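For reference, upload_22.txt (compact mmCIF, C-alpha atoms):
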# COMPACT_ATOMS: atom_id res chain seq x y z
CA MET A 104 -94.91 26.44 -54.40
CA ALA A 105 -93.33 24.26 -57.10
CA SER A 106 -94.36 20.62 -57.18
CA ARG A 107 -91.94 17.73 -56.85
CA LEU A 108 -92.26 17.01 -60.57
CA GLU A 109 -91.37 20.58 -61.49
CA ILE A 110 -88.36 20.57 -59.16
CA ASN A 111 -87.02 17.38 -60.75
CA PHE A 112 -87.70 18.81 -64.20
CA VAL A 113 -85.73 22.00 -63.43
CA ARG A 114 -82.83 19.99 -62.02
CA LEU A 115 -82.65 17.76 -65.09
CA LEU A 116 -83.00 20.78 -67.41
CA SER A 117 -80.13 22.54 -65.64
CA ARG A 118 -78.04 19.36 -65.91
CA CYS A 119 -78.74 19.10 -69.65
CA GLU A 120 -77.81 22.74 -70.24
CA SER A 121 -74.58 22.19 -68.33
CA MET A 122 -73.75 19.11 -70.41
CA ALA A 123 -74.61 20.97 -73.63
CA SER A 124 -72.22 23.80 -72.74
CA ASP A 125 -69.32 21.33 -72.40
CA ARG A 126 -67.62 19.60 -75.28
CA ARG A 127 -69.35 16.27 -75.32
CA GLY A 128 -68.26 13.09 -77.01
CA GLU A 129 -68.94 9.76 -75.42
CA ALA A 130 -71.57 11.44 -73.22
CA GLU A 131 -73.60 12.50 -76.27
CA TRP A 132 -76.02 9.60 -75.92
CA ARG A 133 -76.61 10.51 -72.27
CA LEU A 134 -77.70 14.01 -73.22
CA GLU A 135 -80.11 12.60 -75.82
CA LYS A 136 -81.62 10.30 -73.18
CA TYR A 137 -81.90 13.21 -70.74
CA VAL A 138 -83.63 15.40 -73.32
CA ALA A 139 -86.08 12.59 -74.12
CA ALA A 140 -86.78 12.29 -70.39
CA LEU A 141 -87.32 16.06 -70.26
CA GLU A 142 -89.97 15.77 -72.98
CA ASP A 143 -91.82 13.08 -71.03
CA MET A 144 -91.63 15.11 -67.82
CA LEU A 145 -92.85 18.21 -69.66
CA VAL A 146 -95.90 16.31 -70.94
CA ALA A 147 -96.60 15.08 -67.41
CA LEU A 148 -96.10 18.61 -66.07
CA ARG A 149 -98.71 19.99 -68.49
CA LYS A 150 -101.22 17.38 -67.31
CA SER A 151 -100.44 17.88 -63.62
CA GLN A 152 -103.06 19.53 -61.43
CA SER A 153 -100.38 21.68 -59.76
CA LYS A 154 -98.82 22.76 -63.06
CA PRO A 155 -97.10 26.17 -63.24
CA THR A 156 -98.42 29.17 -65.12
CA HIS A 157 -98.80 29.23 -68.89
CA GLU A 158 -95.78 31.54 -69.29
CA VAL A 159 -93.53 29.21 -67.28
CA VAL A 160 -94.67 26.14 -69.24
CA THR A 161 -94.02 28.02 -72.49
CA GLU A 162 -90.49 28.89 -71.34
CA TYR A 163 -89.83 25.26 -70.36
CA THR A 164 -91.07 24.13 -73.79
CA ARG A 165 -88.82 26.69 -75.47
CA LYS A 166 -85.74 25.39 -73.63
CA VAL A 167 -86.51 21.73 -74.34
CA ASP A 168 -87.10 22.49 -78.03
CA PHE A 169 -83.80 24.37 -78.09
CA LEU A 170 -81.91 21.36 -76.72
CA LYS A 171 -83.62 19.06 -79.23
CA GLY A 172 -82.74 21.40 -82.08
CA LEU A 173 -79.17 21.66 -80.85
CA LEU A 174 -78.76 17.88 -80.88
CA GLU A 175 -80.32 17.62 -84.34
CA ALA A 176 -78.09 20.41 -85.66
CA GLU A 177 -74.93 18.69 -84.44
CA LYS A 178 -75.90 15.56 -86.36
CA LEU A 179 -75.78 17.43 -89.68
CA PRO A 180 -72.94 16.42 -92.00
CA SER A 181 -71.26 19.78 -92.69
CA PRO A 182 -70.32 22.81 -90.56
CA THR A 183 -72.22 25.08 -92.96
CA GLU A 184 -75.47 23.21 -92.35
CA LYS A 185 -74.76 23.22 -88.62
CA ALA A 186 -74.23 26.99 -88.62
CA LEU A 187 -77.41 27.56 -90.62
CA ALA A 188 -79.43 25.32 -88.30
CA ASN A 189 -78.00 27.14 -85.27
CA GLN A 190 -79.26 30.45 -86.66
CA PHE A 191 -82.85 29.24 -86.33
CA LEU A 192 -82.54 27.96 -82.77
CA ALA A 193 -84.37 29.96 -80.10
CA PRO A 194 -82.75 29.72 -76.63
CA GLY A 195 -84.57 30.38 -73.39
CA ARG A 196 -85.22 33.90 -72.19
CA THR A 197 -85.01 33.40 -68.43
CA PRO A 198 -82.45 31.63 -66.20
CA THR A 199 -83.25 28.06 -65.31
CA ILE A 200 -81.89 28.33 -61.77
CA SER A 201 -81.60 31.39 -59.56
CA ASN A 202 -77.79 31.64 -59.51
CA GLU A 203 -77.51 32.10 -63.30
CA ARG A 204 -76.60 35.63 -64.31
CA MET A 205 -77.51 34.88 -67.94
CA PRO A 206 -79.73 32.07 -69.24
CA ALA A 207 -77.61 28.98 -69.75
CA SER A 208 -79.34 28.19 -73.03
CA LYS A 209 -78.17 31.55 -74.46
CA THR A 210 -74.61 30.71 -73.41
CA VAL A 211 -74.91 27.30 -75.05
CA HIS A 212 -76.28 28.95 -78.19
CA MET A 213 -73.37 31.38 -78.43
CA GLN A 214 -70.85 28.57 -77.81
CA SER A 215 -72.49 26.43 -80.48
CA LYS A 216 -72.43 29.27 -83.04
CA ALA A 217 -68.79 29.98 -82.24
CA ARG A 218 -67.92 26.30 -82.57
CA CYS A 219 -69.70 26.04 -85.93
CA THR A 220 -67.94 29.18 -87.17
CA GLY A 221 -64.57 27.73 -86.12
CA GLU A 222 -65.33 24.47 -87.89
CA MET A 223 -66.29 26.34 -91.06
CA ARG A 224 -63.07 28.33 -90.94
CA ASP A 225 -60.96 25.24 -90.30
CA GLU A 226 -62.70 23.37 -93.13
CA LEU A 227 -62.04 26.18 -95.60
CA LEU A 228 -58.43 26.65 -94.51
CA GLY A 229 -57.78 22.94 -94.31
CA THR A 230 -55.94 23.35 -91.01
CA VAL A 231 -57.80 20.54 -89.20
CA PRO A 232 -59.83 17.54 -90.37
CA LEU A 233 -63.58 17.93 -90.75
CA PHE A 234 -65.63 17.54 -87.53
CA SER A 235 -62.51 17.54 -85.34
CA GLY A 236 -62.45 19.56 -82.16
CA THR A 237 -60.26 22.56 -81.41
CA THR A 238 -57.63 21.67 -78.82
CA ASP A 239 -54.76 23.65 -77.29
CA GLY A 240 -52.35 22.01 -79.75
CA ASP A 241 -54.50 23.13 -82.66
CA LEU A 242 -54.49 26.67 -81.34
CA ARG A 243 -50.67 26.61 -81.02
CA ASN A 244 -50.37 25.25 -84.57
CA ARG A 245 -52.64 27.99 -85.82
CA ARG A 246 -50.48 30.65 -84.15
CA CYS A 247 -47.47 29.15 -85.92
CA LEU A 248 -49.03 29.57 -89.37
CA PRO A 249 -47.27 31.92 -91.82
CA LEU A 250 -48.32 35.56 -91.94
CA ASP A 251 -50.14 35.17 -95.26
CA GLU A 252 -52.25 32.34 -93.93
CA ARG A 253 -53.02 34.25 -90.75
CA GLN A 254 -54.11 37.22 -92.85
CA SER A 255 -56.25 34.90 -94.94
CA ALA A 256 -57.76 33.53 -91.77
CA ALA A 257 -58.51 37.06 -90.58
CA GLU A 258 -60.09 37.90 -93.92
CA LEU A 259 -62.10 34.70 -93.74
CA ASP A 260 -63.25 35.65 -90.25
CA ALA A 261 -64.38 39.01 -91.61
CA VAL A 262 -66.25 37.31 -94.45
CA LEU A 263 -67.91 34.88 -92.06
CA GLN A 264 -68.84 37.75 -89.77
CA HIS A 265 -70.28 39.62 -92.74
CA HIS A 266 -72.35 36.59 -93.74
CA HIS A 267 -73.43 36.19 -90.14
CA ASN A 268 -74.59 39.81 -90.06
CA LEU A 269 -76.43 39.30 -93.35
CA GLN A 270 -78.16 36.23 -91.93
CA GLU A 271 -79.18 38.13 -88.82
CA LYS A 272 -80.49 41.00 -90.97
CA LEU A 273 -82.38 38.51 -93.13
CA ALA A 274 -83.87 36.88 -90.05
CA GLU A 275 -84.87 40.31 -88.72
CA ASP A 276 -86.45 41.21 -92.08
CA MET A 277 -88.35 37.93 -92.05
CA LEU A 278 -89.59 38.68 -88.54
CA ASN A 279 -90.68 42.16 -89.60
CA LEU A 280 -92.40 40.69 -92.66
CA ALA A 281 -94.18 38.13 -90.52
CA ARG A 282 -95.18 40.87 -88.06
CA ASN A 283 -96.53 43.06 -90.87
CA LEU A 284 -98.36 40.08 -92.36
CA LYS A 285 -99.90 39.39 -88.98
CA ASN A 286 -100.99 43.02 -88.61
CA ASN A 287 -102.45 43.05 -92.12
CA THR A 288 -104.26 39.80 -91.43
CA LEU A 289 -105.72 41.21 -88.21
CA ALA A 290 -106.77 44.39 -90.03
CA ALA A 291 -108.41 42.36 -92.80
CA GLN A 292 -110.10 40.21 -90.18
CA ASN A 293 -111.48 43.30 -88.46
CA LEU A 294 -112.74 44.68 -91.79
CA ILE A 295 -114.41 41.37 -92.63
CA LYS A 296 -115.96 41.29 -89.17
CA GLN A 297 -117.33 44.83 -89.63
CA ASP A 298 -118.66 43.92 -93.08
CA ASN A 299 -120.35 40.87 -91.62
CA GLN A 300 -121.95 43.01 -88.92
CA THR A 301 -123.14 45.53 -91.52
CA LEU A 302 -124.51 42.72 -93.69
CA SER A 303 -126.31 41.21 -90.70
CA GLN A 304 -127.86 44.56 -89.84
CA SER A 305 -128.93 45.02 -93.47
CA MET A 306 -130.49 41.57 -93.51
CA ARG A 307 -132.36 42.28 -90.26
CA GLN A 308 -133.58 45.60 -91.65
CA ALA A 309 -134.67 43.88 -94.87
CA ASP A 310 -136.60 41.31 -92.83
CA LEU A 311 -138.30 44.10 -90.86
CA ASN A 312 -139.19 45.93 -94.07
CA PHE A 313 -140.58 42.71 -95.54
CA GLU A 314 -142.74 42.14 -92.47
CA LYS A 315 -144.01 45.72 -92.62
CA LEU A 316 -144.72 45.39 -96.34
CA LYS A 317 -146.61 42.16 -95.75
CA THR A 318 -148.68 43.80 -93.00
CA GLU A 319 -149.52 46.79 -95.18
CA SER A 320 -150.41 44.47 -98.07
CA ASP A 321 -152.83 42.57 -95.85
CA ARG A 322 -154.41 45.81 -94.67
CA LEU A 323 -154.73 47.08 -98.24
CA GLU A 324 -156.33 43.82 -99.31
CA GLN A 325 -158.83 43.99 -96.46
CA HIS A 326 -159.59 47.61 -97.30
CA ALA A 327 -160.14 46.69 -100.98
CA LYS A 328 -162.53 43.91 -99.95
CA LYS A 329 -164.49 46.30 -97.75
CA SER A 330 -164.78 48.83 -100.62
CA VAL A 331 -166.11 46.17 -102.97
CA ASN A 332 -168.70 45.06 -100.39
CA TRP A 333 -170.00 48.62 -99.90
CA LEU A 334 -170.26 49.18 -103.65
CA LEU A 335 -172.18 45.92 -104.10
CA TRP A 336 -174.67 46.84 -101.39
CA LEU A 337 -175.10 50.28 -102.91
CA MET A 338 -175.88 48.80 -106.34
CA LEU A 339 -178.38 46.38 -104.82
CA ILE A 340 -180.09 49.22 -103.00
CA LEU A 341 -180.30 51.32 -106.18
CA VAL A 342 -181.69 48.44 -108.22
CA SER A 343 -184.27 47.62 -105.54
CA PHE A 344 -185.30 51.26 -105.24
CA THR A 345 -185.65 51.57 -109.01
CA PHE A 346 -187.74 48.40 -109.21
CA ILE A 347 -190.07 49.48 -106.42
CA SER A 348 -190.38 52.98 -107.92
CA MET A 349 -191.41 51.53 -111.29
CA ILE A 350 -194.06 49.33 -109.69
CA LEU A 351 -195.50 52.26 -107.74
CA PHE A 352 -195.43 54.44 -110.80
CA ILE A 353 -197.35 51.84 -112.77
CA ARG A 354 -199.94 51.43 -110.02
CA ILE A 355 -200.46 55.10 -109.35
CA VAL A 356 -200.39 56.57 -112.82
CA PRO A 357 -203.53 55.51 -114.78
CA ARG A 358 -203.22 53.79 -118.04
CA LEU A 359 -203.53 55.81 -121.18
CA ARG A 360 -206.62 55.13 -123.14
Translate this structure into structure tokens?
Amino acid sequence: MASRLEINFVRLLSRCESMASDRRGEAEWRLEKYVAALEDMLVALRKSQSKPTHEVVTEYTRKVDFLKGLLEAEKLPSPTEKALANQFLAPGRTPTISNERMPASKTVHMQSKARCTGEMRDELLGTVPLFSGTTDGDLRNRRCLPLDERQSAAELDAVLQHHHNLQEKLAEDMLNLARNLKNNTLAAQNLIKQDNQTLSQSMRQADLNFEKLKTESDRLEQHAKKSVNWLLWLMLILVSFTFISMILFIRIVPRLR
């Protein structure tokens, strides 16, 4: 069961997404205050004992970061910079409340991209002042444009769509490159780990061989000492036997006259 803090957080998040989907104006500062409050509540939610699962907290963080990025993108000076910043925004993947058929953050993202595209087109055509909104009167004036200008607007829409497709393809290529880099990094990490294991086994085997060599050296040294001792005793016995034999020989054999 969701805690009271999580319920309030979801309500405020749904309210912020609803405000972001509408054309704001004087209420812009309210949305900024609400998003700041969402950040504080998210920090408290992470520290709460009855916090939701890791996946849910990650989704909440994703939606709050999206709203922050959306506010920062709308503060940029030109529609081109706004459109580029919108390309890098990542909306939420799941609905905030149960009665949403599609995540509200995705709807807000599509509306923001469409609004930035319209502002870019209006800036290039010079039909409306920079940063002005698109009202019903503007739409009627645009329908009253000459045929050549409408064709130019259509061509401009095609060019903008082409650039949009190129940007999406570039983003997809960057994602694929990052994915391949991650896979290569993991493969290199596994190889390094295997090499480290092989090196550790080799070092252990070298230590075992060194211990065996030391043991055999000690045994050989002891064996050499034993051989020297036996040879020394044998020489002493031979010398003693020779000495005694000479004495007996002198005593037994008479002297020559």
As a compact mmCIF listing (two decimals) with C-alpha atoms, keeping the file's coordinate frame, please: the residues near Lys185 (chain A) (cut-off 10 Å, all atoms listed in the file, same-chain neighbours under 3 positions excluded).
# COMPACT_ATOMS: atom_id res chain seq x y z
CA LEU A 173 -79.17 21.66 -80.85
CA GLU A 175 -80.32 17.62 -84.34
CA ALA A 176 -78.09 20.41 -85.66
CA GLU A 177 -74.93 18.69 -84.44
CA LYS A 178 -75.90 15.56 -86.36
CA LEU A 179 -75.78 17.43 -89.68
CA PRO A 180 -72.94 16.42 -92.00
CA SER A 181 -71.26 19.78 -92.69
CA PRO A 182 -70.32 22.81 -90.56
CA ALA A 188 -79.43 25.32 -88.30
CA ASN A 189 -78.00 27.14 -85.27
CA GLN A 190 -79.26 30.45 -86.66
CA SER A 215 -72.49 26.43 -80.48
CA LYS A 216 -72.43 29.27 -83.04
CA ARG A 218 -67.92 26.30 -82.57
CA CYS A 219 -69.70 26.04 -85.93
CA THR A 220 -67.94 29.18 -87.17
CA GLU A 222 -65.33 24.47 -87.89
CA MET A 223 -66.29 26.34 -91.06
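CA of Ser208 (chain A) to CA of Pro194 (chain A) spans 5.2 Å [interatomic distance, one decimal].
The space separating CA of Asp143 (chain A) from CA of Cys119 (chain A) comes to 14.5 Å.
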Nearest to Thr199 (chain A), restricted to only C-alpha atoms and choosing among A:Leu294, A:Leu108, A:Ala186, A:Leu116, comes out as A:Leu116
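Residues in contact range of Gly195 (chain A), defined as at most 8 Å between all atoms listed in the file, with sequence neighbours fewer than 5 positions away removed, read A:Glu162, A:Tyr163, A:Arg165, A:Lys166, A:Phe169, A:Pro206, A:Ala207, A:Ser208, A:Lys209.
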